[in-house]
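File shown: entry.cif. Contents: mmCIF, C-alpha atoms, pLDDT in the B column; chains and numbers go by the auth columns.
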data_data
#
loop_
_atom_site.group_PDB
_atom_site.id
_atom_site.type_symbol
_atom_site.label_atom_id
_atom_site.label_comp_id
_atom_site.label_asym_id
_atom_site.label_seq_id
_atom_site.Cartn_x
_atom_site.Cartn_y
_atom_site.Cartn_z
_atom_site.B_iso_or_equiv
_atom_site.auth_seq_id
_atom_site.auth_asym_id
ATOM 1 C CA MET A 1 -15.466 14.948 -4.080 42.00 178 A
ATOM 2 C CA ARG A 2 -12.981 17.653 -3.096 48.00 179 A
ATOM 3 C CA TYR A 3 -10.455 17.119 -0.339 46.00 180 A
ATOM 4 C CA ASP A 4 -11.559 17.972 3.200 54.00 181 A
ATOM 5 C CA ALA A 5 -9.153 17.209 6.050 51.00 182 A
ATOM 6 C CA ASN A 6 -12.093 16.628 8.387 54.00 183 A
ATOM 7 C CA VAL A 7 -13.492 13.715 6.387 55.00 184 A
ATOM 8 C CA VAL A 8 -10.366 11.810 5.286 59.00 185 A
ATOM 9 C CA GLU A 9 -10.410 9.255 8.089 60.00 186 A
ATOM 10 C CA PRO A 10 -14.156 8.457 7.940 52.00 187 A
ATOM 11 C CA LEU A 11 -13.845 7.994 4.168 49.00 188 A
ATOM 12 C CA HIS A 12 -10.851 5.692 4.461 61.00 189 A
ATOM 13 C CA GLU A 13 -12.486 3.563 7.162 67.00 190 A
ATOM 14 C CA ASN A 14 -14.776 2.158 4.452 70.00 191 A
ATOM 15 C CA LEU A 15 -12.029 1.060 2.053 71.00 192 A
ATOM 16 C CA PHE A 16 -11.077 -2.509 1.101 71.00 193 A
ATOM 17 C CA GLY A 17 -14.143 -4.340 2.360 71.00 194 A
ATOM 18 C CA GLN A 18 -15.360 -7.773 1.271 77.00 195 A
ATOM 19 C CA LEU A 19 -16.167 -6.910 -2.355 70.00 196 A
ATOM 20 C CA HIS A 20 -12.887 -5.081 -2.971 75.00 197 A
ATOM 21 C CA ALA A 21 -10.899 -7.816 -1.217 75.00 198 A
ATOM 22 C CA THR A 22 -12.559 -10.482 -3.358 76.00 199 A
ATOM 23 C CA TYR A 23 -11.342 -8.858 -6.571 73.00 200 A
ATOM 24 C CA PHE A 24 -8.175 -7.135 -5.297 73.00 201 A
ATOM 25 C CA ASP A 25 -5.754 -9.574 -6.936 67.00 202 A
ATOM 26 C CA MET A 26 -7.675 -9.332 -10.203 73.00 203 A
ATOM 27 C CA PHE A 27 -7.381 -5.538 -10.168 73.00 204 A
ATOM 28 C CA HIS A 28 -3.607 -5.824 -9.698 71.00 205 A
ATOM 29 C CA ARG A 29 -2.883 -8.861 -11.869 73.00 206 A
ATOM 30 C CA ALA A 30 -0.564 -6.790 -14.093 73.00 207 A
ATOM 31 C CA LYS A 31 1.436 -5.515 -11.110 81.00 208 A
ATOM 32 C CA ASP A 32 4.987 -6.853 -11.181 89.00 209 A
ATOM 33 C CA TYR A 33 5.250 -8.034 -7.584 89.00 210 A
ATOM 34 C CA ARG A 34 8.373 -10.055 -8.309 93.00 211 A
ATOM 35 C CA ALA A 35 10.281 -7.059 -9.695 94.00 212 A
ATOM 36 C CA GLU A 36 9.194 -4.926 -6.739 94.00 213 A
ATOM 37 C CA THR A 37 10.189 -7.610 -4.237 96.00 214 A
ATOM 38 C CA ASP A 38 13.543 -8.136 -5.973 96.00 215 A
ATOM 39 C CA GLN A 39 14.141 -4.389 -5.656 97.00 216 A
ATOM 40 C CA ILE A 40 13.301 -4.535 -1.941 97.00 217 A
ATOM 41 C CA ARG A 41 15.539 -7.589 -1.441 96.00 218 A
ATOM 42 C CA GLY A 42 18.386 -5.717 -3.151 96.00 219 A
ATOM 43 C CA ILE A 43 18.040 -2.931 -0.584 97.00 220 A
ATOM 44 C CA PHE A 44 18.032 -5.508 2.204 97.00 221 A
ATOM 45 C CA THR A 45 21.249 -7.011 0.825 96.00 222 A
ATOM 46 C CA ARG A 46 23.033 -3.657 0.521 96.00 223 A
ATOM 47 C CA GLU A 47 21.805 -2.099 3.769 96.00 224 A
ATOM 48 C CA GLY A 48 21.089 -5.207 5.894 89.00 225 A
ATOM 49 C CA PRO A 49 21.405 -7.909 6.923 94.00 226 A
ATOM 50 C CA VAL A 50 17.637 -8.479 7.071 96.00 227 A
ATOM 51 C CA SER A 51 16.037 -11.746 8.141 96.00 228 A
ATOM 52 C CA SER A 52 12.727 -10.583 9.664 97.00 229 A
ATOM 53 C CA VAL A 53 10.235 -8.298 7.883 97.00 230 A
ATOM 54 C CA LEU A 54 7.024 -6.587 9.012 98.00 231 A
ATOM 55 C CA ASP A 55 4.637 -5.530 6.220 98.00 232 A
ATOM 56 C CA LEU A 56 2.181 -2.815 7.263 97.00 233 A
ATOM 57 C CA GLY A 57 -0.898 -2.752 5.045 95.00 234 A
ATOM 58 C CA CYS A 58 -0.027 -6.140 3.580 95.00 235 A
ATOM 59 C CA GLY A 59 -3.271 -6.578 1.621 92.00 236 A
ATOM 60 C CA THR A 60 -3.571 -10.106 0.275 92.00 237 A
ATOM 61 C CA GLY A 61 0.077 -10.876 1.062 95.00 238 A
ATOM 62 C CA ARG A 62 1.727 -10.979 -2.376 94.00 239 A
ATOM 63 C CA HIS A 63 4.949 -9.195 -1.303 95.00 240 A
ATOM 64 C CA LEU A 64 5.074 -11.296 1.868 96.00 241 A
ATOM 65 C CA GLU A 65 4.730 -14.514 -0.116 96.00 242 A
ATOM 66 C CA LEU A 66 7.741 -13.687 -2.281 96.00 243 A
ATOM 67 C CA LEU A 67 9.825 -12.617 0.726 96.00 244 A
ATOM 68 C CA ALA A 68 8.897 -15.809 2.570 95.00 245 A
ATOM 69 C CA GLU A 69 9.986 -17.841 -0.458 94.00 246 A
ATOM 70 C CA SER A 70 13.490 -16.418 0.022 88.00 247 A
ATOM 71 C CA TRP A 71 13.489 -17.588 3.658 86.00 248 A
ATOM 72 C CA HIS A 72 12.666 -14.298 5.320 86.00 249 A
ATOM 73 C CA GLU A 73 10.536 -14.534 8.449 94.00 250 A
ATOM 74 C CA VAL A 74 7.514 -12.316 7.702 97.00 251 A
ATOM 75 C CA VAL A 75 4.578 -10.801 9.572 98.00 252 A
ATOM 76 C CA GLY A 76 1.815 -8.913 7.791 97.00 253 A
ATOM 77 C CA VAL A 77 -0.653 -6.428 9.263 97.00 254 A
ATOM 78 C CA ASP A 78 -3.868 -5.156 7.703 94.00 255 A
ATOM 79 C CA ARG A 79 -7.042 -3.690 9.164 91.00 256 A
ATOM 80 C CA SER A 80 -9.275 -5.254 6.483 89.00 257 A
ATOM 81 C CA GLY A 81 -10.574 -8.583 7.765 91.00 258 A
ATOM 82 C CA PRO A 82 -11.282 -9.928 4.254 90.00 259 A
ATOM 83 C CA MET A 83 -7.756 -8.996 3.135 90.00 260 A
ATOM 84 C CA VAL A 84 -6.251 -10.674 6.198 95.00 261 A
ATOM 85 C CA ARG A 85 -8.143 -13.903 5.522 93.00 262 A
ATOM 86 C CA ARG A 86 -6.875 -14.023 1.945 93.00 263 A
ATOM 87 C CA ALA A 87 -3.301 -13.275 3.039 95.00 264 A
ATOM 88 C CA ARG A 88 -3.430 -16.040 5.645 97.00 265 A
ATOM 89 C CA GLU A 89 -4.573 -18.531 3.017 96.00 266 A
ATOM 90 C CA ARG A 90 -1.716 -17.465 0.726 95.00 267 A
ATOM 91 C CA LEU A 91 0.936 -17.751 3.453 97.00 268 A
ATOM 92 C CA ALA A 92 -0.301 -20.913 5.174 97.00 269 A
ATOM 93 C CA ARG A 93 2.287 -23.066 3.389 96.00 270 A
ATOM 94 C CA PHE A 94 5.130 -21.290 5.193 96.00 271 A
ATOM 95 C CA GLY A 95 4.012 -22.371 8.669 95.00 272 A
ATOM 96 C CA ASP A 96 5.556 -20.456 11.575 93.00 273 A
ATOM 97 C CA ARG A 97 7.730 -18.334 9.251 94.00 274 A
ATOM 98 C CA ALA A 98 4.712 -16.271 8.153 97.00 275 A
ATOM 99 C CA ARG A 99 1.710 -14.880 9.979 96.00 276 A
ATOM 100 C CA VAL A 100 -0.839 -12.119 9.438 97.00 277 A
ATOM 101 C CA VAL A 101 -2.398 -9.890 12.098 97.00 278 A
ATOM 102 C CA GLU A 102 -5.660 -7.982 11.767 96.00 279 A
ATOM 103 C CA SER A 103 -5.139 -4.542 13.300 95.00 280 A
ATOM 104 C CA ASP A 104 -5.431 -0.833 12.635 92.00 281 A
ATOM 105 C CA LEU A 105 -1.906 0.495 12.154 93.00 282 A
ATOM 106 C CA PHE A 106 -2.323 3.138 14.861 93.00 283 A
ATOM 107 C CA GLU A 107 -3.440 0.521 17.392 94.00 284 A
ATOM 108 C CA LEU A 108 -0.654 -1.929 16.562 94.00 285 A
ATOM 109 C CA SER A 109 1.569 -3.131 19.367 89.00 286 A
ATOM 110 C CA LEU A 110 3.381 -6.370 18.608 94.00 287 A
ATOM 111 C CA ASP A 111 5.549 -8.065 21.218 88.00 288 A
ATOM 112 C CA ARG A 112 8.663 -8.010 19.047 93.00 289 A
ATOM 113 C CA ARG A 113 10.819 -5.949 16.699 96.00 290 A
ATOM 114 C CA PHE A 114 12.028 -6.578 13.150 97.00 291 A
ATOM 115 C CA ASP A 115 15.074 -6.004 10.968 98.00 292 A
ATOM 116 C CA ALA A 116 12.927 -4.170 8.399 98.00 293 A
ATOM 117 C CA VAL A 117 9.439 -2.730 7.974 98.00 294 A
ATOM 118 C CA ILE A 118 7.856 -2.286 4.544 98.00 295 A
ATOM 119 C CA MET A 119 4.742 -0.343 3.554 97.00 296 A
ATOM 120 C CA MET A 120 3.599 -0.591 -0.062 96.00 297 A
ATOM 121 C CA PHE A 121 0.658 0.491 -2.271 92.00 298 A
ATOM 122 C CA SER A 122 1.248 4.203 -1.413 93.00 299 A
ATOM 123 C CA LEU A 123 -0.149 3.536 2.058 94.00 300 A
ATOM 124 C CA LEU A 124 1.871 6.334 3.677 97.00 301 A
ATOM 125 C CA GLY A 125 0.076 8.816 1.408 96.00 302 A
ATOM 126 C CA TYR A 126 -3.334 7.685 2.689 93.00 303 A
ATOM 127 C CA PHE A 127 -2.571 9.363 6.017 93.00 304 A
ATOM 128 C CA VAL A 128 -2.517 12.779 4.226 92.00 305 A
ATOM 129 C CA SER A 129 -1.724 15.120 7.145 92.00 306 A
ATOM 130 C CA ASN A 130 1.767 15.664 8.566 95.00 307 A
ATOM 131 C CA GLU A 131 0.543 14.533 11.983 94.00 308 A
ATOM 132 C CA ARG A 132 -0.748 11.209 10.654 93.00 309 A
ATOM 133 C CA VAL A 133 2.313 10.615 8.459 96.00 310 A
ATOM 134 C CA LEU A 134 4.603 11.190 11.448 97.00 311 A
ATOM 135 C CA ARG A 135 2.506 8.869 13.613 96.00 312 A
ATOM 136 C CA ALA A 136 2.719 6.146 10.936 96.00 313 A
ATOM 137 C CA LEU A 137 6.500 6.564 10.811 98.00 314 A
ATOM 138 C CA ALA A 138 6.593 6.357 14.608 97.00 315 A
ATOM 139 C CA VAL A 139 4.727 3.034 14.531 97.00 316 A
ATOM 140 C CA MET A 140 7.289 1.756 12.040 97.00 317 A
ATOM 141 C CA GLY A 141 10.118 2.868 14.324 96.00 318 A
ATOM 142 C CA GLU A 142 8.505 1.253 17.366 96.00 319 A
ATOM 143 C CA HIS A 143 8.657 -2.130 15.618 97.00 320 A
ATOM 144 C CA LEU A 144 12.241 -1.873 14.333 97.00 321 A
ATOM 145 C CA ASP A 145 15.446 -3.174 15.849 96.00 322 A
ATOM 146 C CA PRO A 146 18.117 -0.470 16.367 95.00 323 A
ATOM 147 C CA GLY A 147 19.515 0.431 12.949 95.00 324 A
ATOM 148 C CA GLY A 148 16.601 -1.260 11.197 97.00 325 A
ATOM 149 C CA LEU A 149 15.303 -0.317 7.751 98.00 326 A
ATOM 150 C CA VAL A 150 12.012 1.057 6.465 98.00 327 A
ATOM 151 C CA VAL A 151 11.108 0.626 2.793 98.00 328 A
ATOM 152 C CA PHE A 152 7.947 2.129 1.294 98.00 329 A
ATOM 153 C CA ASP A 153 6.530 3.565 -1.898 97.00 330 A
ATOM 154 C CA VAL A 154 4.972 6.998 -2.413 97.00 331 A
ATOM 155 C CA GLU A 155 3.485 9.101 -5.173 95.00 332 A
ATOM 156 C CA ASP A 156 6.182 11.540 -6.309 96.00 333 A
ATOM 157 C CA ALA A 157 5.172 15.222 -6.546 96.00 334 A
ATOM 158 C CA THR A 158 7.421 16.043 -9.505 95.00 335 A
ATOM 159 C CA ALA A 159 6.058 13.125 -11.504 93.00 336 A
ATOM 160 C CA VAL A 160 2.409 13.701 -10.536 93.00 337 A
ATOM 161 C CA LEU A 161 2.530 17.385 -11.475 92.00 338 A
ATOM 162 C CA GLY A 162 4.724 16.914 -14.548 89.00 339 A
ATOM 163 C CA GLU A 163 3.007 13.996 -16.277 71.00 340 A
ATOM 164 C CA PRO A 164 -0.247 14.087 -18.266 71.00 341 A
ATOM 165 C CA GLY A 165 -3.409 13.916 -16.169 68.00 342 A
ATOM 166 C CA PRO A 166 -4.601 10.589 -14.746 67.00 343 A
ATOM 167 C CA ILE A 167 -6.905 8.322 -16.701 71.00 344 A
ATOM 168 C CA SER A 168 -10.526 7.694 -15.731 78.00 345 A
ATOM 169 C CA GLY A 169 -12.733 4.973 -17.131 77.00 346 A
ATOM 170 C CA GLY A 170 -14.564 1.728 -16.522 78.00 347 A
ATOM 171 C CA SER A 171 -14.725 -1.919 -17.481 76.00 348 A
ATOM 172 C CA LEU A 172 -16.874 -5.032 -17.399 77.00 349 A
ATOM 173 C CA ARG A 173 -15.042 -8.195 -16.364 73.00 350 A
ATOM 174 C CA THR A 174 -16.136 -11.783 -15.877 78.00 351 A
ATOM 175 C CA PRO A 175 -13.632 -13.235 -13.392 73.00 352 A
ATOM 176 C CA GLY A 176 -16.043 -15.733 -11.863 71.00 353 A
ATOM 177 C CA ALA A 177 -19.689 -16.712 -11.683 74.00 354 A
ATOM 178 C CA ARG A 178 -20.828 -13.081 -11.590 82.00 355 A
ATOM 179 C CA PRO A 179 -19.729 -10.242 -13.892 84.00 356 A
ATOM 180 C CA LEU A 180 -18.076 -7.236 -12.252 81.00 357 A
ATOM 181 C CA LEU A 181 -18.643 -3.704 -13.527 82.00 358 A
ATOM 182 C CA THR A 182 -16.150 -1.071 -12.332 82.00 359 A
ATOM 183 C CA GLY A 183 -15.724 2.635 -12.883 86.00 360 A
ATOM 184 C CA HIS A 184 -13.225 5.148 -11.582 85.00 361 A
ATOM 185 C CA THR A 185 -12.428 8.827 -11.850 89.00 362 A
ATOM 186 C CA THR A 186 -9.057 10.238 -10.819 89.00 363 A
ATOM 187 C CA SER A 187 -7.975 13.848 -10.435 90.00 364 A
ATOM 188 C CA VAL A 188 -5.049 15.753 -8.948 92.00 365 A
ATOM 189 C CA ASN A 189 -5.768 18.474 -6.389 91.00 366 A
ATOM 190 C CA PRO A 190 -2.540 20.539 -6.217 92.00 367 A
ATOM 191 C CA ASP A 191 -3.946 22.993 -3.660 91.00 368 A
ATOM 192 C CA GLU A 192 -4.219 20.203 -1.088 90.00 369 A
ATOM 193 C CA GLN A 193 -1.424 17.999 -2.508 94.00 370 A
ATOM 194 C CA VAL A 194 -3.614 14.927 -2.940 94.00 371 A
ATOM 195 C CA ILE A 195 -4.719 12.565 -5.662 92.00 372 A
ATOM 196 C CA GLU A 196 -8.467 11.965 -5.504 91.00 373 A
ATOM 197 C CA MET A 197 -9.853 8.703 -6.842 87.00 374 A
ATOM 198 C CA ALA A 198 -13.479 7.617 -6.759 88.00 375 A
ATOM 199 C CA LEU A 199 -13.982 3.884 -7.343 85.00 376 A
ATOM 200 C CA ASP A 200 -17.317 2.137 -7.921 87.00 377 A
ATOM 201 C CA MET A 201 -17.852 -1.621 -8.178 81.00 378 A
ATOM 202 C CA TRP A 202 -21.039 -3.470 -9.058 87.00 379 A
ATOM 203 C CA GLU A 203 -21.179 -7.275 -8.873 84.00 380 A
ATOM 204 C CA LEU A 204 -23.995 -8.408 -11.144 85.00 381 A
ATOM 205 C CA SER A 205 -26.378 -11.352 -11.023 84.00 382 A
ATOM 206 C CA GLY A 206 -28.269 -11.467 -14.302 81.00 383 A
ATOM 207 C CA GLU A 207 -29.734 -7.989 -14.730 79.00 384 A
ATOM 208 C CA ALA A 208 -29.687 -7.293 -10.985 84.00 385 A
ATOM 209 C CA VAL A 209 -26.940 -5.846 -8.786 83.00 386 A
ATOM 210 C CA HIS A 210 -25.852 -8.522 -6.320 86.00 387 A
ATOM 211 C CA ASP A 211 -23.389 -6.316 -4.405 81.00 388 A
ATOM 212 C CA GLN A 212 -21.902 -2.859 -4.832 83.00 389 A
ATOM 213 C CA VAL A 213 -19.515 -0.430 -3.180 84.00 390 A
ATOM 214 C CA HIS A 214 -18.363 3.161 -3.605 86.00 391 A
ATOM 215 C CA GLU A 215 -14.909 4.130 -2.331 83.00 392 A
ATOM 216 C CA THR A 216 -13.167 7.494 -2.216 85.00 393 A
ATOM 217 C CA HIS A 217 -9.369 7.328 -2.013 86.00 394 A
ATOM 218 C CA LEU A 218 -7.438 10.472 -1.043 92.00 395 A
ATOM 219 C CA ILE A 219 -3.684 9.939 -1.461 93.00 396 A
ATOM 220 C CA ARG A 220 -1.031 12.516 -0.636 96.00 397 A
ATOM 221 C CA TYR A 221 1.949 12.916 -2.954 97.00 398 A
ATOM 222 C CA PHE A 222 5.381 13.949 -1.672 98.00 399 A
ATOM 223 C CA ALA A 223 8.350 15.998 -2.813 97.00 400 A
ATOM 224 C CA ARG A 224 11.641 14.235 -2.102 97.00 401 A
ATOM 225 C CA ARG A 225 12.931 17.043 0.132 97.00 402 A
ATOM 226 C CA GLU A 226 9.645 17.109 2.042 97.00 403 A
ATOM 227 C CA LEU A 227 9.841 13.356 2.582 98.00 404 A
ATOM 228 C CA ARG A 228 13.425 13.640 3.845 98.00 405 A
ATOM 229 C CA LEU A 229 12.332 16.267 6.396 98.00 406 A
ATOM 230 C CA LEU A 230 9.387 14.182 7.603 98.00 407 A
ATOM 231 C CA LEU A 231 11.631 11.149 7.987 98.00 408 A
ATOM 232 C CA ALA A 232 14.231 13.186 9.886 98.00 409 A
ATOM 233 C CA THR A 233 11.546 14.516 12.224 98.00 410 A
ATOM 234 C CA ALA A 234 10.571 10.904 12.978 97.00 411 A
ATOM 235 C CA GLY A 235 14.203 9.923 13.607 97.00 412 A
ATOM 236 C CA PHE A 236 15.043 8.341 10.228 98.00 413 A
ATOM 237 C CA GLU A 237 17.742 9.084 7.666 98.00 414 A
ATOM 238 C CA LEU A 238 16.668 8.824 4.029 98.00 415 A
ATOM 239 C CA LEU A 239 19.126 6.471 2.316 98.00 416 A
ATOM 240 C CA GLY A 240 17.674 6.225 -1.175 98.00 417 A
ATOM 241 C CA TYR A 241 14.830 7.155 -3.503 97.00 418 A
ATOM 242 C CA ALA A 242 14.231 5.535 -6.891 96.00 419 A
ATOM 243 C CA GLY A 243 11.550 4.620 -9.382 94.00 420 A
ATOM 244 C CA LEU A 244 9.493 1.596 -8.347 94.00 421 A
ATOM 245 C CA ALA A 245 10.638 -1.443 -10.324 93.00 422 A
ATOM 246 C CA GLY A 246 8.439 -3.283 -12.790 82.00 423 A
ATOM 247 C CA GLU A 247 6.039 -2.349 -15.526 65.00 424 A
ATOM 248 C CA THR A 248 2.344 -2.630 -14.696 61.00 425 A
ATOM 249 C CA GLY A 249 -1.030 -1.840 -16.161 57.00 426 A
ATOM 250 C CA ASN A 250 -1.472 0.866 -13.528 60.00 427 A
ATOM 251 C CA PRO A 251 -1.550 4.295 -15.224 57.00 428 A
ATOM 252 C CA SER A 252 -0.046 5.852 -12.087 60.00 429 A
ATOM 253 C CA GLN A 253 3.065 3.632 -12.260 72.00 430 A
ATOM 254 C CA PRO A 254 5.312 6.479 -13.545 85.00 431 A
ATOM 255 C CA TRP A 255 4.341 8.450 -10.430 91.00 432 A
ATOM 256 C CA LEU A 256 5.571 5.849 -7.943 93.00 433 A
ATOM 257 C CA ARG A 257 8.906 5.999 -6.116 96.00 434 A
ATOM 258 C CA LEU A 258 10.464 3.589 -3.645 97.00 435 A
ATOM 259 C CA ALA A 259 12.092 5.190 -0.591 98.00 436 A
ATOM 260 C CA TRP A 260 14.251 3.549 2.051 98.00 437 A
ATOM 261 C CA ALA A 261 15.582 4.884 5.328 98.00 438 A
ATOM 262 C CA ARG A 262 17.324 3.818 8.522 98.00 439 A
#

Write out the structure in this file as structure tokens.
Amino acid sequence: MRYDANVVEPLHENLFGQLHATYFDMFHRAKDYRAETDQIRGIFTREGPVSSVLDLGCGTGRHLELLAESWHEVVGVDRSGPMVRRARERLARFGDRARVVESDLFELSLDRRFDAVIMMFSLLGYFVSNERVLRALAVMGEHLDPGGLVVFDVEDATAVLGEPGPISGGSLRTPGARPLLTGHTTSVNPDEQVIEMALDMWELSGEAVHDQVHETHLIRYFARRELRLLLATAGFELLGYAGLAGETGNPSQPWLRLAWAR
């Protein structure tokens, strides 16, 4: 699959359905959520104060859970119904201090604003075009109090183009009653400034396939100067840019940077 601007949105509409949501935490079990959240909390402490946090693209709610444990009031948003259900289960113990909303980011209109908005898992890069990136930043701004913070991670252009090529492969895992076979191929398309990843999952029942899915992820990577200009266009000032904390089993970890802006 080669990048085509006309098919990005239809492709991404099919991501993170029931099968992917079921095994999402297993795929990311080596991800150091605590180190990442500590890094985010450090930014809140230096640039805050921050007591309320909106997480756009919250997935199964792991970052929200850790923020709620430190007495932040948190709201998560995700367009994947299966992800939202899992996040709600995870956050139920926090009562009114944590809730999760099912919504497409570009249709989001909450009746309140927050001290900070976070967006993790390279979600900003999934919007690919300048127009969509700027609209995503606008949604973040619409839900921020004056002087509020945005914190998000991106794939860094210098790292992506300077490191060895991404790893492709597959595995057979037995996380539950049914084995799960996965395979992925990843490539960098410098002409279009995107990382292209094809992911296949097959849930097996004996020798038969019980469920399966094919996903194509197109993720834009950013140069720091480019990101600063996009943020400025959307009315933000870039305050900092650093490697994402924590060591994980994700081969793209060296590519990831955490950015924060006001």

| task | Name the residues in contact with segment 361-366 of chain A at a cut-off of 8 Å, using only C-alpha atoms, excluding same-chain residues fewer than 2 positions from it; report them as a count of residues only. | result | 20

| request: Taking the file as shown, find all residues satisfying the PyMOL selection byres ((chain A and resi 407) around 12) and write them as an NGL selection string. | output: :A and (301 or 306-315 or 399-406 or 408-415 or 438)

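Closest approach to Phe291 of chain A among A:Pro341, A:Gly420, A:Pro226, A:Gly258 is made by A:Pro226 (distances from all atoms listed in the file).
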
| Which is closer to Phe298 of chain A than all the others in A:Phe283, A:Tyr210, A:Tyr418, A:Phe221, using all atoms listed in the file? | A:Tyr210

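Considering only C-alpha atoms, the residue among A:Leu338, A:Arg223, A:Pro356, A:Pro367 positioned nearest to Val386 of chain A is A:Pro356.
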
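For the atom pair formed by atom CA of Arg397 of chain A and atom CA of Val252 of chain A, the distance is 26.1 Å, given to one decimal.
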
Let me have the centre and edge lengths of the axis-aligned box enclosing all listed atoms of segment 355-369 of chain A with 3 Å padding on every side, in Å to one decimal, as JSON.
{"center_x": -11.7, "center_y": 5.0, "center_z": -7.5, "size_x": 24.3, "size_y": 42.1, "size_z": 18.8}

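As for atom CA of Leu395 of chain A and atom CA of Glu319 of chain A, they are spaced 26.0 Å apart.
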
Result set, the PyMOL selection byres ((chain A and resi 194) around 9) on current file, as a tab-separated table (two decimals) with C-alpha atoms, in the frame of the given file:
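Result file is part.tsv:
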chain	number	residue	atom	x	y	z
A	191	ASN	CA	-14.78	2.16	4.45
A	192	LEU	CA	-12.03	1.06	2.05
A	193	PHE	CA	-11.08	-2.51	1.10
A	195	GLN	CA	-15.36	-7.77	1.27
A	196	LEU	CA	-16.17	-6.91	-2.36
A	197	HIS	CA	-12.89	-5.08	-2.97
A	198	ALA	CA	-10.90	-7.82	-1.22
A	199	THR	CA	-12.56	-10.48	-3.36
A	257	SER	CA	-9.28	-5.25	6.48
A	258	GLY	CA	-10.57	-8.58	7.76
A	259	PRO	CA	-11.28	-9.93	4.25
A	260	MET	CA	-7.76	-9.00	3.14
A	390	VAL	CA	-19.52	-0.43	-3.18

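The space separating atom CA of His391 of chain A from atom CA of Arg256 of chain A comes to 18.4 Å.
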
| Which residues, written as number ranges by chain, have at least one atom at most 10 Å from Ala354 of chain A, with only C-alpha atoms counted and residues fewer than 4 positions away on the same chain left out? | A: 380-382

Based on the selection just made, write C-alpha atoms of those residues as an mmCIF file, keeping the file's coordinate frame.
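New file selection-v3.cif:
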data_model
loop_
_atom_site.group_PDB
_atom_site.id
_atom_site.type_symbol
_atom_site.label_atom_id
_atom_site.label_comp_id
_atom_site.auth_asym_id
_atom_site.auth_seq_id
_atom_site.Cartn_x
_atom_site.Cartn_y
_atom_site.Cartn_z
ATOM 1 C CA GLU A 380 -21.179 -7.275 -8.873
ATOM 2 C CA LEU A 381 -23.995 -8.408 -11.144
ATOM 3 C CA SER A 382 -26.378 -11.352 -11.023
#

Spell out the residues picked by the PyMOL selection byres ((chain A and resi 277) around 6) here, as a compact mmCIF listing (two decimals) with C-alpha atoms, keeping the file's coordinate frame.
# COMPACT_ATOMS: atom_id res chain seq x y z
CA VAL A 252 4.58 -10.80 9.57
CA GLY A 253 1.82 -8.91 7.79
CA VAL A 254 -0.65 -6.43 9.26
CA ARG A 276 1.71 -14.88 9.98
CA VAL A 278 -2.40 -9.89 12.10
